[in-house]
Each structure stands twice: as structure tokens, then as C-alpha cells.
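Just below is one structure, and these are the notes that go with it.
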Amino acid sequence: MAEEKKDHWSSEAYQHSASFVPKLATKIVQWLDPQKDDAILDIGCGDGVVNIQLQEILAQGSGSIHGTDASPAMIEAANQAAKKAGASKCTFEVVDALELARTPHLQKAQYTKLFSNAALHWILGACKTDASRQAEVFRAARDALAPGGVFAFEMGGLGNVAEIRAALLSATARRVGVGGLAKAVEADPWFFPDEAWATRMLEATVGGWKVERAEREYRPTMADAGGVEGWVRLFGAQFFEALAEGEEREGCIREVVDVLEVVCGSPSGGFHLGYVRLRVLARKL
């Protein structure tokens with residue numbers, strides 16, 4: 001029996017500490033170029049904010065967008081938001097992207113376009129030591145897509161939030177005992193590749209893809225209402241689970257936050273986080 005995964009997400013925490021994520025999806029949505037009759041599959045849709053925004057275009061024709069995410073809490077929030085917005089072109093389903101290849105109704109080459117924003121670094125990070133499982137994600141994506149269809153995705157790229165990652169790894173490693181750094185790296189939930197890796201994975205390792213565009217952009221991003229602490233607690237949760245609950249864990253969180261509030265503090269106010277985004281547009285051959 002498969003081990004049930006812990007759901008680390010809540011829509012409320014996401015909106016408090018990361019509401020900028022869907023707001024900054026404009027460029028990858030432009031690459032997707034959604035049309036009124038498109039059938040779109042969204043891999044890692046979160047709470048469905050971008051999907052509901054696309055309703056306005058899809059409502060003009062026969063198009064639709066089906067959002068998938070491994071988090072039941074986020075899918076529940078997406079369904080509620082779509083119902084409230086009257087977004088009849090939006091549907092949502094709990095599907096772990098690592099299981100997409102074993103989800104037959106999504107493997108029928110029925111989608112004209114695939115989309116993913118700010119999710120693949122988590123998905124690929126969950127299997128970062130297994131290149132075959134990473135390849136399977138892109139193979140399953142290919143098999144969901146109609147011939148000639150495109151996959152537009154944006155994720156954390158090489159160098160993404162490097163200052164935050166260094167603080168998390170350092171503070172965690174010093175507290176977990178023997179093999180500290182190795183254990184902290186194991187707890188690190190992210191995978192941040194570059195354009196060369198993505199192109200090689202799609203075109204050579206998986207095959208059946210042609211990368212038409214790829215870029216990596218340094219995009220410093222202002223922290224949300226939750227500040228540095230809200231970001232660290234939400235996105236860094238899996239690092240801290242390597243430590244015992246209570247004083248030890250809270251001490252680690254406090255150290256990371258204190259360091260990052262100095263490193264990321266802006267003289268004009270607020271905190272800037274060192275985001276690097278990898279964007280790819282690939283076509284199924």
C-alpha cells in the first residue's frame with residue numbers, strides 16, 4: 001500500500017505568503033497563448049487562480065481547462081473559487097503529477113495545450129535522485145497532449161532563491177546530527193535546473209518533444225504580507241520536518257528568518273527574494 005503523502009499546503013497560507021505567484025504568471029501565460037477552443041491541462045494548478053483567469057477566454061468558445069494538483073486542500077479551494085466565480089470552463093482533480101502516467105483518463109492525447117506554473121520544481125524535487133522518474137513526468141505530459149500541441153511551463157531555475165536555500169540548508173544541517181548536510185539536502189524539496197537540462201530531458205531523454213523557446217530570468221520578488229517568516233514557514237516546511245517539533249524546530253526557523261531579514265531587506269522597505277524563473281515552450285512532435 002502506498003504511503004499517504006502529507007499535504008503541506010493551504011490556500012489561506014498561500015494567499016498570505018505567496019499571492020504573487022499567480023500574479024507573476026503573465027509571461028508564461030503569454031507563451032501558452034490560450035485560445036477560445038483550447039483544451040488545456042494544468043499540472044500543479046494550486047488553488048486555481050490562473051485557471052479562473054483563463055475562463056474569460058475559454059468562455060468565448062468550446063475550450064476548457066482541467067487543473068490537477070497533489071494537494072486535496074488546494075483542489076478544494078480551487079473548486080470553491082471556480083463555483084463562486086461561475087467558472088464553468090474550469091474543472092479540478094486531485095492528481096499527483098508523479099502518478100500522471102498511471103492516470104489513464106489523462107493519457108489519451110486529448111489536450112491541445114499543457115500548462116504548469118511554479119509547480120515542477122516541487123514535482124521534480126520529490127524525485128530529484130531518480131532521473132527515470134523525472135523523465136516519466138515529461139513522458140506522461142507528452143502522452144496527455146495531442147500531436148502538435150504545446151507545453152508551456154515555468155518553474156524555479158538554477159540559482160532560484162539561493163540565499164534562502166543556503167540559510168535553510170545551513171541551519172538545518174547543524175541541528176540534525178551526524179551526516180547533517182546530507183540529511184538537510186535529503187529534506188530539500190526543490191529541483192532547480194537550467195535551460196540545457198530541460199532541453200536535454202525533453203528532446204533526448206524523453207523524446208517526442210521539440211523545445212521552441214527556453215529562458216532563465218532573474219526576477220527579484222517582493223515578499224508578500226507574510227514577510228520572510230511566512231515564506232519560510234510555508235515553503236521551507238519540509239526542511240524543518242527533519243527536526244523534532246518544539247524548541248529545536250522553532251529555533252531553526254527563527255535563525256533562518258533572522259538571517260534572511262538582514263540579507264533580503266531592502267533599504268526602501270520590505271524584503272526582496274532572489275527568484276530565478278525557468279520558462280520553456282515545447283511542442284509535441
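Ordering of the C-alpha cells sets the chain letters (A, B, ...), residue numbers begin anew at 1 in every chain, and ligands are numbered from 1 in the order given.
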
Close residues, Ser64 of chain A itself excluded, 7 Å, only C-alpha atoms, min 3 positions apart in chain, as a list in words: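 My list of contacting residues is Asp38, Ala39, Ile40, Leu58, Lys89 and Cys90 of chain A.
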
Need to verify the contact set: Lys183 of chain A, 10 Å, only C-alpha atoms, exclusion of same-chain residues closer than 6 positions in sequence. Can you return it as a PyMOL selection string? chain A and resi 169+172-173+176-177+239+242

Serialized selection, all heavy atoms, as a PDB file, in the first residue's frame:
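Okay, selection_33.pdb is ready:
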ATOM      1  N   LEU A 169      19.512  25.195   4.436  1.00  0.00           N
ATOM      2  CA  LEU A 169      20.415  24.042   4.490  1.00  0.00           C
ATOM      3  C   LEU A 169      21.382  24.162   5.674  1.00  0.00           C
ATOM      4  O   LEU A 169      21.616  23.198   6.408  1.00  0.00           O
ATOM      5  CB  LEU A 169      21.199  23.920   3.183  1.00  0.00           C
ATOM      6  CG  LEU A 169      20.438  23.367   1.983  1.00  0.00           C
ATOM      7  CD1 LEU A 169      21.238  23.575   0.703  1.00  0.00           C
ATOM      8  CD2 LEU A 169      20.123  21.877   2.168  1.00  0.00           C
ATOM      9  N   THR A 172      19.508  23.893   9.184  1.00  0.00           N
ATOM     10  CA  THR A 172      19.002  22.531   9.396  1.00  0.00           C
ATOM     11  C   THR A 172      20.154  21.558   9.615  1.00  0.00           C
ATOM     12  O   THR A 172      20.122  20.731  10.530  1.00  0.00           O
ATOM     13  CB  THR A 172      18.154  22.083   8.195  1.00  0.00           C
ATOM     14  OG1 THR A 172      17.095  23.021   7.970  1.00  0.00           O
ATOM     15  CG2 THR A 172      17.547  20.708   8.439  1.00  0.00           C
ATOM     16  N   ALA A 173      21.185  21.645   8.773  1.00  0.00           N
ATOM     17  CA  ALA A 173      22.304  20.701   8.830  1.00  0.00           C
ATOM     18  C   ALA A 173      22.980  20.707  10.196  1.00  0.00           C
ATOM     19  O   ALA A 173      23.388  19.651  10.701  1.00  0.00           O
ATOM     20  CB  ALA A 173      23.319  21.031   7.740  1.00  0.00           C
ATOM     21  N   VAL A 176      20.760  18.490  12.836  1.00  0.00           N
ATOM     22  CA  VAL A 176      20.273  17.118  12.660  1.00  0.00           C
ATOM     23  C   VAL A 176      21.308  16.056  13.024  1.00  0.00           C
ATOM     24  O   VAL A 176      21.042  14.860  12.886  1.00  0.00           O
ATOM     25  CB  VAL A 176      19.765  16.865  11.215  1.00  0.00           C
ATOM     26  CG1 VAL A 176      18.547  17.686  10.932  1.00  0.00           C
ATOM     27  CG2 VAL A 176      20.863  17.124  10.189  1.00  0.00           C
ATOM     28  N   GLY A 177      22.485  16.459  13.490  1.00  0.00           N
ATOM     29  CA  GLY A 177      23.457  15.492  13.974  1.00  0.00           C
ATOM     30  C   GLY A 177      24.365  14.974  12.886  1.00  0.00           C
ATOM     31  O   GLY A 177      24.641  15.654  11.897  1.00  0.00           O
ATOM     32  N   PHE A 239      12.022  21.168   5.177  1.00  0.00           N
ATOM     33  CA  PHE A 239      13.331  21.224   5.837  1.00  0.00           C
ATOM     34  C   PHE A 239      13.145  21.004   7.341  1.00  0.00           C
ATOM     35  O   PHE A 239      13.863  20.214   7.963  1.00  0.00           O
ATOM     36  CB  PHE A 239      13.992  22.589   5.620  1.00  0.00           C
ATOM     37  CG  PHE A 239      14.606  22.793   4.268  1.00  0.00           C
ATOM     38  CD1 PHE A 239      13.887  23.399   3.246  1.00  0.00           C
ATOM     39  CD2 PHE A 239      15.909  22.412   4.022  1.00  0.00           C
ATOM     40  CE1 PHE A 239      14.462  23.607   1.998  1.00  0.00           C
ATOM     41  CE2 PHE A 239      16.504  22.621   2.784  1.00  0.00           C
ATOM     42  CZ  PHE A 239      15.769  23.217   1.767  1.00  0.00           C
ATOM     43  N   ALA A 242      12.687  17.684   9.353  1.00  0.00           N
ATOM     44  CA  ALA A 242      13.843  16.852   9.688  1.00  0.00           C
ATOM     45  C   ALA A 242      14.232  17.019  11.158  1.00  0.00           C
ATOM     46  O   ALA A 242      15.069  16.257  11.671  1.00  0.00           O
ATOM     47  CB  ALA A 242      15.030  17.218   8.794  1.00  0.00           C
TER      48      ALA A 242
END

With a cut-off of 8 Å, could you pull out the residues of segment 142-229 of chain A touching segment 105-115 of chain A and give me the nearest pair of atoms for each, distance in Å to one decimal, using only C-alpha atoms, ordered by chain and ascending number, as JSON lines?
{"residue": "A:Arg142", "atom": "CA", "partner": "A:Ala109", "partner_atom": "CA", "distance": 7.8}
{"residue": "A:Asp143", "atom": "CA", "partner": "A:Gln107", "partner_atom": "CA", "distance": 5.4}
{"residue": "A:Ala144", "atom": "CA", "partner": "A:Ala109", "partner_atom": "CA", "distance": 4.3}
{"residue": "A:Leu145", "atom": "CA", "partner": "A:Ala109", "partner_atom": "CA", "distance": 4.4}
{"residue": "A:Ala146", "atom": "CA", "partner": "A:Ala109", "partner_atom": "CA", "distance": 4.4}
{"residue": "A:Pro147", "atom": "CA", "partner": "A:Ala109", "partner_atom": "CA", "distance": 7.5}
{"residue": "A:Gly148", "atom": "CA", "partner": "A:Thr112", "partner_atom": "CA", "distance": 7.9}
{"residue": "A:Gly149", "atom": "CA", "partner": "A:Thr112", "partner_atom": "CA", "distance": 4.9}
{"residue": "A:Val150", "atom": "CA", "partner": "A:Lys113", "partner_atom": "CA", "distance": 5.0}
{"residue": "A:Phe151", "atom": "CA", "partner": "A:Leu114", "partner_atom": "CA", "distance": 4.4}
{"residue": "A:Ala152", "atom": "CA", "partner": "A:Phe115", "partner_atom": "CA", "distance": 5.1}
{"residue": "A:Phe153", "atom": "CA", "partner": "A:Phe115", "partner_atom": "CA", "distance": 5.6}

Can you spit out the residues from that selection as a CSV table (one decimal), in the first residue's frame, using C-alpha atoms?
chain,number,residue,atom,x,y,z
A,142,ARG,CA,3.7,14.2,-23.7
A,143,ASP,CA,1.1,11.4,-23.7
A,144,ALA,CA,-1.6,13.7,-22.4
A,145,LEU,CA,-1.0,16.1,-25.3
A,146,ALA,CA,-2.4,15.9,-28.9
A,147,PRO,CA,0.2,15.8,-31.7
A,148,GLY,CA,1.4,19.3,-32.4
A,149,GLY,CA,0.2,20.6,-29.1
A,150,VAL,CA,2.5,22.7,-26.8
A,151,PHE,CA,3.6,22.5,-23.2
A,152,ALA,CA,4.3,25.9,-21.6
A,153,PHE,CA,5.9,25.7,-18.1

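Rounded to one decimal, atom CA of Glu203 of chain A and atom CA of Ala70 of chain A lie 26.4 Å from each other.
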
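Neighbouring residues of Thr199 of chain A at 12 Å or closer, counting only C-alpha atoms and skipping chain neighbours under 5 positions away, are Ala135, Phe138, Pro193, Asp194, Ala204, Thr205, Val206, Gly207, Gly208, Trp209, Lys210, Val211, Glu212, Arg213, Ala214, Glu215, Leu278, Arg279, Val280, Leu281, Ala282 and Arg283 of chain A.
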
Enumerate as a VMD selection string all residues of segment 70-277 of chain A assigned to alpha helix (DSSP H) by DSSP on the backbone, naming them with the chain letters and numbers the document uses. chain A and resid 72 to 85 120 to 125 131 to 144 162 to 173 180 to 187 195 to 199 227 to 235 237 to 240 247 to 263

Report the distance between atom CA of Arg249 of chain A and atom CA of Val178 of chain A in Å, rounded to one decimal place.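 Taking atom CA of Arg249 of chain A as the start and atom CA of Val178 of chain A as the end point, the length is 17.1 Å.
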
Among segment 83-268 of chain A, which residues does DSSP mark as strand (DSSP E) when it is run on the backbone? Keep the chain and numbering as in the structure and answer as a count of residues only. 38

Pick from A:Ala131, A:Ala85, A:Met201, A:Ala184 nearest to Leu243 of chain A, counting only C-alpha atoms: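 Closest candidate: A:Ala184.
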